[in-house]
$ cat target_28.tsv   # TSV, C-alpha atoms
chain	number	residue	atom	x	y	z
A	24	MET	CA	-3.25	-9.82	-0.05
A	25	PHE	CA	-0.02	-8.92	1.71
A	26	LEU	CA	3.59	-10.01	1.99
A	27	PRO	CA	3.76	-13.76	2.69
A	28	SER	CA	5.90	-13.11	5.78
A	29	PHE	CA	2.98	-11.24	7.40
A	30	ALA	CA	1.16	-14.53	7.94
A	31	HIS	CA	4.21	-16.09	9.61
A	32	GLU	CA	4.60	-13.09	11.91
A	33	ASP	CA	0.84	-12.96	12.60
A	34	LEU	CA	0.81	-9.25	11.78
A	35	LEU	CA	-2.57	-9.19	10.03
A	36	PRO	CA	-5.41	-11.69	9.69
A	37	SER	CA	-5.51	-13.48	6.35
A	38	ARG	CA	-8.61	-13.80	4.17
A	39	GLU	CA	-9.54	-16.49	1.71
A	40	ASP	CA	-11.88	-14.34	-0.40
A	41	THR	CA	-9.13	-12.31	-2.02
A	42	ASN	CA	-6.26	-12.57	-4.54
A	43	VAL	CA	-8.64	-13.98	-7.14
A	44	LEU	CA	-6.22	-13.24	-10.00
A	45	GLU	CA	-3.41	-15.34	-8.57
A	46	PRO	CA	-4.15	-18.45	-10.73
A	47	VAL	CA	-4.19	-16.41	-13.94
A	48	PRO	CA	-1.02	-16.92	-16.06
A	49	LEU	CA	1.28	-13.90	-15.92
A	50	PRO	CA	0.92	-12.82	-19.61
A	51	ARG	CA	-2.89	-12.81	-19.32
A	52	LYS	CA	-2.75	-11.11	-15.95
A	53	GLN	CA	-0.50	-8.35	-17.31
A	54	GLU	CA	-2.92	-7.75	-20.19
A	55	VAL	CA	-5.97	-7.55	-17.92
A	56	LEU	CA	-4.28	-5.35	-15.32
A	57	LYS	CA	-2.91	-2.96	-17.92
A	58	GLN	CA	-6.43	-2.19	-19.14
A	59	MET	CA	-8.17	-2.13	-15.77
A	60	ILE	CA	-5.59	-0.04	-13.92
A	61	ARG	CA	-5.43	2.48	-16.77
A	62	TYR	CA	-9.22	2.79	-16.56
A	63	LEU	CA	-9.17	3.22	-12.78
A	64	ASP	CA	-6.39	5.79	-12.86
A	65	THR	CA	-8.04	7.84	-15.61
A	66	ASP	CA	-11.48	7.85	-13.96
A	67	VAL	CA	-10.51	7.75	-10.28
A	68	HIS	CA	-12.42	10.93	-9.34
A	69	ARG	CA	-15.56	9.95	-11.26
A	70	LEU	CA	-15.44	6.50	-9.71
A	71	ALA	CA	-15.65	8.12	-6.29
A	72	ASP	CA	-19.31	8.73	-7.15
A	73	THR	CA	-20.06	5.46	-8.93
A	74	LEU	CA	-18.49	2.87	-6.61
A	75	LYS	CA	-21.36	2.85	-4.14
A	76	THR	CA	-21.21	-0.64	-2.60
A	77	ASP	CA	-18.63	-2.70	-0.74
A	78	PHE	CA	-18.77	-5.29	-3.51
A	79	HIS	CA	-17.87	-2.75	-6.20
A	80	VAL	CA	-14.98	-1.30	-4.20
A	81	ARG	CA	-13.57	-4.71	-3.27
A	82	PHE	CA	-13.89	-5.85	-6.88
A	83	MET	CA	-11.80	-2.92	-8.12
A	84	MET	CA	-9.29	-3.33	-5.30
A	85	GLU	CA	-8.59	-6.89	-6.44
A	86	PHE	CA	-7.10	-5.46	-9.64
A	87	VAL	CA	-5.10	-2.77	-7.85
A	88	GLY	CA	-3.72	-5.23	-5.32
A	89	ALA	CA	-2.81	-7.76	-8.03
A	90	SER	CA	-0.87	-5.10	-9.92
A	91	PHE	CA	1.57	-4.83	-6.99
A	92	THR	CA	2.57	-8.46	-7.55
A	93	LEU	CA	3.75	-7.81	-11.13
A	94	PRO	CA	7.51	-8.09	-11.77
A	95	LEU	CA	8.99	-4.61	-12.17
A	96	GLN	CA	11.82	-5.43	-14.56
A	97	GLY	CA	10.17	-3.75	-17.54
A	98	PRO	CA	8.69	-0.28	-18.13
A	99	GLY	CA	5.27	-1.72	-19.05
A	100	ASN	CA	4.62	-3.17	-15.62
A	101	GLN	CA	6.23	-0.16	-13.96
A	102	GLU	CA	3.65	2.08	-15.66
A	103	VAL	CA	0.83	-0.15	-14.41
A	104	VAL	CA	2.14	-0.10	-10.83
A	105	ASN	CA	2.60	3.68	-10.85
A	106	SER	CA	-1.00	4.06	-12.04
A	107	ALA	CA	-2.15	1.69	-9.29
A	108	LEU	CA	-0.33	3.85	-6.74
A	109	ASN	CA	-2.16	6.88	-8.18
A	110	VAL	CA	-5.47	5.18	-7.40
A	111	TYR	CA	-4.58	4.25	-3.83
A	112	SER	CA	-2.97	7.63	-3.19
A	113	SER	CA	-6.26	9.26	-4.17
A	114	TRP	CA	-8.38	6.92	-2.06
A	115	LEU	CA	-6.10	7.28	0.96
A	116	LEU	CA	-5.45	11.03	0.84
A	117	ASP	CA	-8.15	12.85	-1.14
A	118	GLN	CA	-11.30	14.11	0.53
A	119	LYS	CA	-13.41	12.69	-2.29
A	120	LYS	CA	-13.32	8.88	-2.38
A	121	PRO	CA	-15.84	6.05	-2.77
A	122	GLU	CA	-18.44	6.21	-0.01
A	123	PRO	CA	-17.79	2.67	1.32
A	124	ILE	CA	-14.16	3.65	2.00
A	125	SER	CA	-15.18	6.79	3.88
A	126	ARG	CA	-17.73	4.79	5.84
A	127	ASN	CA	-15.31	2.05	6.91
A	128	GLU	CA	-11.77	3.40	6.80
A	129	LYS	CA	-10.41	0.74	9.15
A	130	VAL	CA	-11.24	-2.09	6.76
A	131	TYR	CA	-10.33	-0.39	3.51
A	132	TYR	CA	-7.24	1.47	4.68
A	133	THR	CA	-5.88	-1.75	6.17
A	134	GLU	CA	-6.55	-3.49	2.85
A	135	MET	CA	-4.76	-0.78	0.86
A	136	PHE	CA	-1.78	-0.73	3.23
A	137	SER	CA	-1.57	-4.52	2.91
A	138	HIS	CA	-1.68	-4.41	-0.88
A	139	ILE	CA	1.10	-1.82	-1.03
A	140	SER	CA	3.30	-4.11	1.08
A	141	LEU	CA	3.39	-6.56	-1.85
A	142	LEU	CA	5.80	-4.20	-3.63
A	143	PHE	CA	8.47	-5.09	-1.06
A	144	ASN	CA	8.68	-8.81	-1.76
A	145	ASP	CA	12.42	-9.34	-1.98
A	146	MET	CA	11.99	-12.57	-3.95
A	147	GLN	CA	10.58	-10.60	-6.88
A	148	PHE	CA	13.51	-8.21	-7.06
A	149	SER	CA	16.57	-8.70	-9.26
A	150	ALA	CA	19.62	-6.43	-9.00
A	151	THR	CA	21.93	-7.99	-11.57
A	152	PRO	CA	21.81	-5.67	-14.60
A	153	LYS	CA	23.56	-6.74	-17.78
A	154	ALA	CA	23.21	-3.47	-19.66
A	155	ASP	CA	22.63	0.25	-19.06
A	156	ASP	CA	18.92	0.03	-19.88
A	157	GLN	CA	18.53	-2.67	-17.24
A	158	LYS	CA	20.28	-0.42	-14.72
A	159	SER	CA	17.73	2.31	-15.41
A	160	ASN	CA	14.92	-0.24	-15.07
A	161	ILE	CA	16.25	-1.24	-11.65
A	162	GLN	CA	16.42	2.40	-10.57
A	163	ARG	CA	12.83	2.98	-11.70
A	164	ALA	CA	11.74	-0.10	-9.76
A	165	ILE	CA	13.48	1.29	-6.66
A	166	ASP	CA	11.86	4.70	-7.20
A	167	ILE	CA	8.39	3.11	-7.38
A	168	ARG	CA	8.94	1.51	-3.98
A	169	LYS	CA	10.23	4.79	-2.56
A	170	ARG	CA	7.06	6.44	-3.84
A	171	ALA	CA	4.97	3.78	-2.09
A	172	LEU	CA	6.76	4.55	1.18
A	173	LYS	CA	6.13	8.26	0.69
A	174	ILE	CA	2.40	7.62	0.22
A	175	LEU	CA	2.29	5.74	3.53
A	176	CYS	CA	4.19	8.59	5.22
A	177	ASP	CA	1.80	11.12	3.65
A	178	VAL	CA	-1.14	9.22	5.14
A	179	ALA	CA	0.51	9.56	8.55
A	180	SER	CA	1.32	13.27	8.24
A	181	GLN	CA	-1.81	14.46	6.42
A	182	ARG	CA	-4.45	12.40	8.20
A	183	PHE	CA	-2.99	11.93	11.68
A	184	THR	CA	-5.65	14.07	13.37
A	185	ARG	CA	-8.46	12.12	11.68
A	186	MET	CA	-7.33	8.49	11.77
A	187	ARG	CA	-8.60	6.18	14.45
A	188	MET	CA	-6.11	4.22	16.52
A	189	GLU	CA	-7.19	0.97	14.82
A	190	VAL	CA	-6.03	2.39	11.47
A	191	TRP	CA	-2.75	3.54	13.00
A	192	ASN	CA	-2.27	0.04	14.35
A	193	SER	CA	-2.74	-1.45	10.88
A	194	LEU	CA	-0.34	1.04	9.29
A	195	LEU	CA	2.36	0.38	11.88
A	196	ARG	CA	1.95	-3.38	11.56
A	197	VAL	CA	2.34	-3.14	7.78
A	198	MET	CA	5.44	-0.96	8.14
A	199	LEU	CA	6.94	-3.37	10.68
A	200	GLY	CA	6.29	-6.23	8.27
A	201	ILE	CA	7.95	-4.37	5.39
A	202	ALA	CA	10.94	-3.49	7.57
A	203	ASN	CA	11.26	-7.09	8.71
A	204	GLU	CA	11.13	-8.33	5.11
A	205	LEU	CA	13.86	-5.95	3.93
A	206	LEU	CA	16.16	-6.15	6.95
A	207	GLU	CA	16.09	-9.91	6.69
A	208	HIS	CA	17.60	-9.45	3.22
A	209	SER	CA	19.66	-6.36	4.05
A	210	ARG	CA	22.88	-7.74	2.59
A	211	ASN	CA	21.51	-8.32	-0.88
A	212	ASN	CA	18.82	-7.39	-3.33
A	213	LEU	CA	15.98	-5.10	-2.28
A	214	GLY	CA	16.97	-4.65	1.35
A	215	ASN	CA	20.35	-3.32	0.33
A	216	PHE	CA	18.72	-0.53	-1.69
A	217	LEU	CA	15.86	0.45	0.62
A	218	GLN	CA	16.70	-0.29	4.25
A	219	LYS	CA	17.48	3.37	5.04
A	220	GLU	CA	14.22	4.63	3.54
A	221	VAL	CA	12.15	1.91	5.19
A	222	ILE	CA	13.57	2.52	8.69
A	223	SER	CA	13.18	6.30	8.26
A	224	SER	CA	9.57	5.83	7.15
A	225	LEU	CA	8.81	3.50	10.05
A	226	PHE	CA	10.07	6.01	12.62
A	227	PHE	CA	8.29	8.88	10.83
A	228	ILE	CA	4.95	7.04	10.97
A	229	TRP	CA	5.54	5.90	14.56
A	230	MET	CA	6.21	9.52	15.59
A	231	TYR	CA	2.89	10.71	14.16
A	232	ALA	CA	1.11	7.79	15.78
A	233	GLN	CA	2.48	8.93	19.15
A	234	LEU	CA	1.25	12.46	18.49
A	235	THR	CA	-2.20	11.09	17.81
A	236	LYS	CA	-2.13	8.97	20.96
A	237	SER	CA	-1.09	12.00	23.02
A	238	SER	CA	-3.82	14.11	21.44
A	239	VAL	CA	-6.48	11.48	22.19
A	240	HIS	CA	-5.24	11.13	25.76
A	241	SER	CA	-5.30	14.91	26.30
A	242	SER	CA	-8.82	15.19	24.87
A	243	SER	CA	-10.16	12.40	27.07
A	244	SER	CA	-8.49	13.91	30.15
A	245	SER	CA	-9.89	17.37	29.52
A	246	SER	CA	-13.40	16.00	28.93
A	247	SER	CA	-13.39	13.94	32.14
A	248	PRO	CA	-15.30	15.52	35.07
A	249	SER	CA	-13.10	17.03	37.76
A	250	ALA	CA	-12.88	15.23	41.04
A	251	PRO	CA	-14.90	16.96	43.80

$ encode --input "target_28.tsv" --output "structure tokens"
Amino acid sequence: MFLPSFAHEDLLPSREDTNVLEPVPLPRKQEVLKQMIRYLDTDVHRLADTLKTDFHVRFMMEFVGASFTLPLQGPGNQEVVNSALNVYSSWLLDQKKPEPISRNEKVYYTEMFSHISLLFNDMQFSATPKADDQKSNIQRAIDIRKRALKILCDVASQRFTRMRMEVWNSLLRVMLGIANELLEHSRNNLGNFLQKEVISSLFFIWMYAQLTKSSVHSSSSSSSPSAP
């Protein structure tokens, strides 16, 4: 699951064994996700011990990823999405996380980055408020997306000495895809509200990626035997 434009730009490989909740009608989907995401958010630290297989982790991630496709016009869905971000923030940044994620960060981090990109689908964003409460709803929807960008930046700054280059590559590709999506719509809707934050986040993450690359290069050079 990722922004539809990713497939057109060939940024990440697509999978057919995901997005299983897509056919579910929106009212039913909202009901299911409200319960599941609340459960995951409440028990996220305990679940780090109980989600022991790839199947269990992927099953739970289907719900988290689907929550990022919910329309953010109302506070109910906004609460669900914020809780979903709590879960991914924990799995991306905390030391304690489900063992399959720790064992295969490349696969699971790429999946989580991809899911978060769904929040930046311009087609799901409406910026035409008709009342003050709708204006506040729009601002909360913008703030959720800013929080998502901060989580991605925190991954870069807090884990840059531990992430492999393959994970950096996935994170940069996702950020490039998000930037492309928003700059393409920079004169209206979501791009108009977030282009500054997205470009700043992209350069921030790129900078840390370069630091990692330099560190890896220095380490490999120092460990190479000296020429006779």

$ residues_around --input "target_28.tsv" --residues "Arg170 in chain A" --least-positions-apart "5" --cutoff "9 Å" --atoms "all atoms listed in the file" --output "list in words"
Asn105, Leu108, Ile165 and Leu175 of chain A

$ residues_near_point --input "target_28.tsv" --point "(-7.6, 8.9, -10.7)" --cutoff "12 Å" --atoms "all atoms listed in the file" --output "ChimeraX atom specification"
/A:60-71,105-117,119-121

$ atom_distance --input "target_28.tsv" --atom1 "CA of Val221 in chain A" --atom2 "CA of Met84 in chain A"
24.4 Å

$ closest_residue --input "target_28.tsv" --among "A:Thr76, A:Gln118, A:Asn203, A:Ser137" --to "Ile222 in chain A" --atoms "all atoms listed in the file"
A:Asn203

$ atom_distance --input "target_28.tsv" --atom1 "CA of Val130 in chain A" --atom2 "CA of Met24 in chain A"
13.0 Å

$ residues_near_point --input "target_28.tsv" --point "(-7.0, -6.5, -18.2)" --cutoff "12 Å" --atoms "all atoms listed in the file" --output "PyMOL selection string"
chain A and resi 44+47+49-63+83+85-87+89-90+103

$ write_last_selection --input "target_28.tsv" --atoms "C-alpha atoms" --output "PDB file, in the coordinates of the input"
ATOM      1  CA  LEU A  44      -6.220 -13.240 -10.000  1.00  0.00           C
ATOM      2  CA  VAL A  47      -4.190 -16.410 -13.940  1.00  0.00           C
ATOM      3  CA  LEU A  49       1.280 -13.900 -15.920  1.00  0.00           C
ATOM      4  CA  PRO A  50       0.920 -12.820 -19.610  1.00  0.00           C
ATOM      5  CA  ARG A  51      -2.890 -12.810 -19.320  1.00  0.00           C
ATOM      6  CA  LYS A  52      -2.750 -11.110 -15.950  1.00  0.00           C
ATOM      7  CA  GLN A  53      -0.500  -8.350 -17.310  1.00  0.00           C
ATOM      8  CA  GLU A  54      -2.920  -7.750 -20.190  1.00  0.00           C
ATOM      9  CA  VAL A  55      -5.970  -7.550 -17.920  1.00  0.00           C
ATOM     10  CA  LEU A  56      -4.280  -5.350 -15.320  1.00  0.00           C
ATOM     11  CA  LYS A  57      -2.910  -2.960 -17.920  1.00  0.00           C
ATOM     12  CA  GLN A  58      -6.430  -2.190 -19.140  1.00  0.00           C
ATOM     13  CA  MET A  59      -8.170  -2.130 -15.770  1.00  0.00           C
ATOM     14  CA  ILE A  60      -5.590  -0.040 -13.920  1.00  0.00           C
ATOM     15  CA  ARG A  61      -5.430   2.480 -16.770  1.00  0.00           C
ATOM     16  CA  TYR A  62      -9.220   2.790 -16.560  1.00  0.00           C
ATOM     17  CA  LEU A  63      -9.170   3.220 -12.780  1.00  0.00           C
ATOM     18  CA  MET A  83     -11.800  -2.920  -8.120  1.00  0.00           C
ATOM     19  CA  GLU A  85      -8.590  -6.890  -6.440  1.00  0.00           C
ATOM     20  CA  PHE A  86      -7.100  -5.460  -9.640  1.00  0.00           C
ATOM     21  CA  VAL A  87      -5.100  -2.770  -7.850  1.00  0.00           C
ATOM     22  CA  ALA A  89      -2.810  -7.760  -8.030  1.00  0.00           C
ATOM     23  CA  SER A  90      -0.870  -5.100  -9.920  1.00  0.00           C
ATOM     24  CA  VAL A 103       0.830  -0.150 -14.410  1.00  0.00           C
TER      25      VAL A 103
END
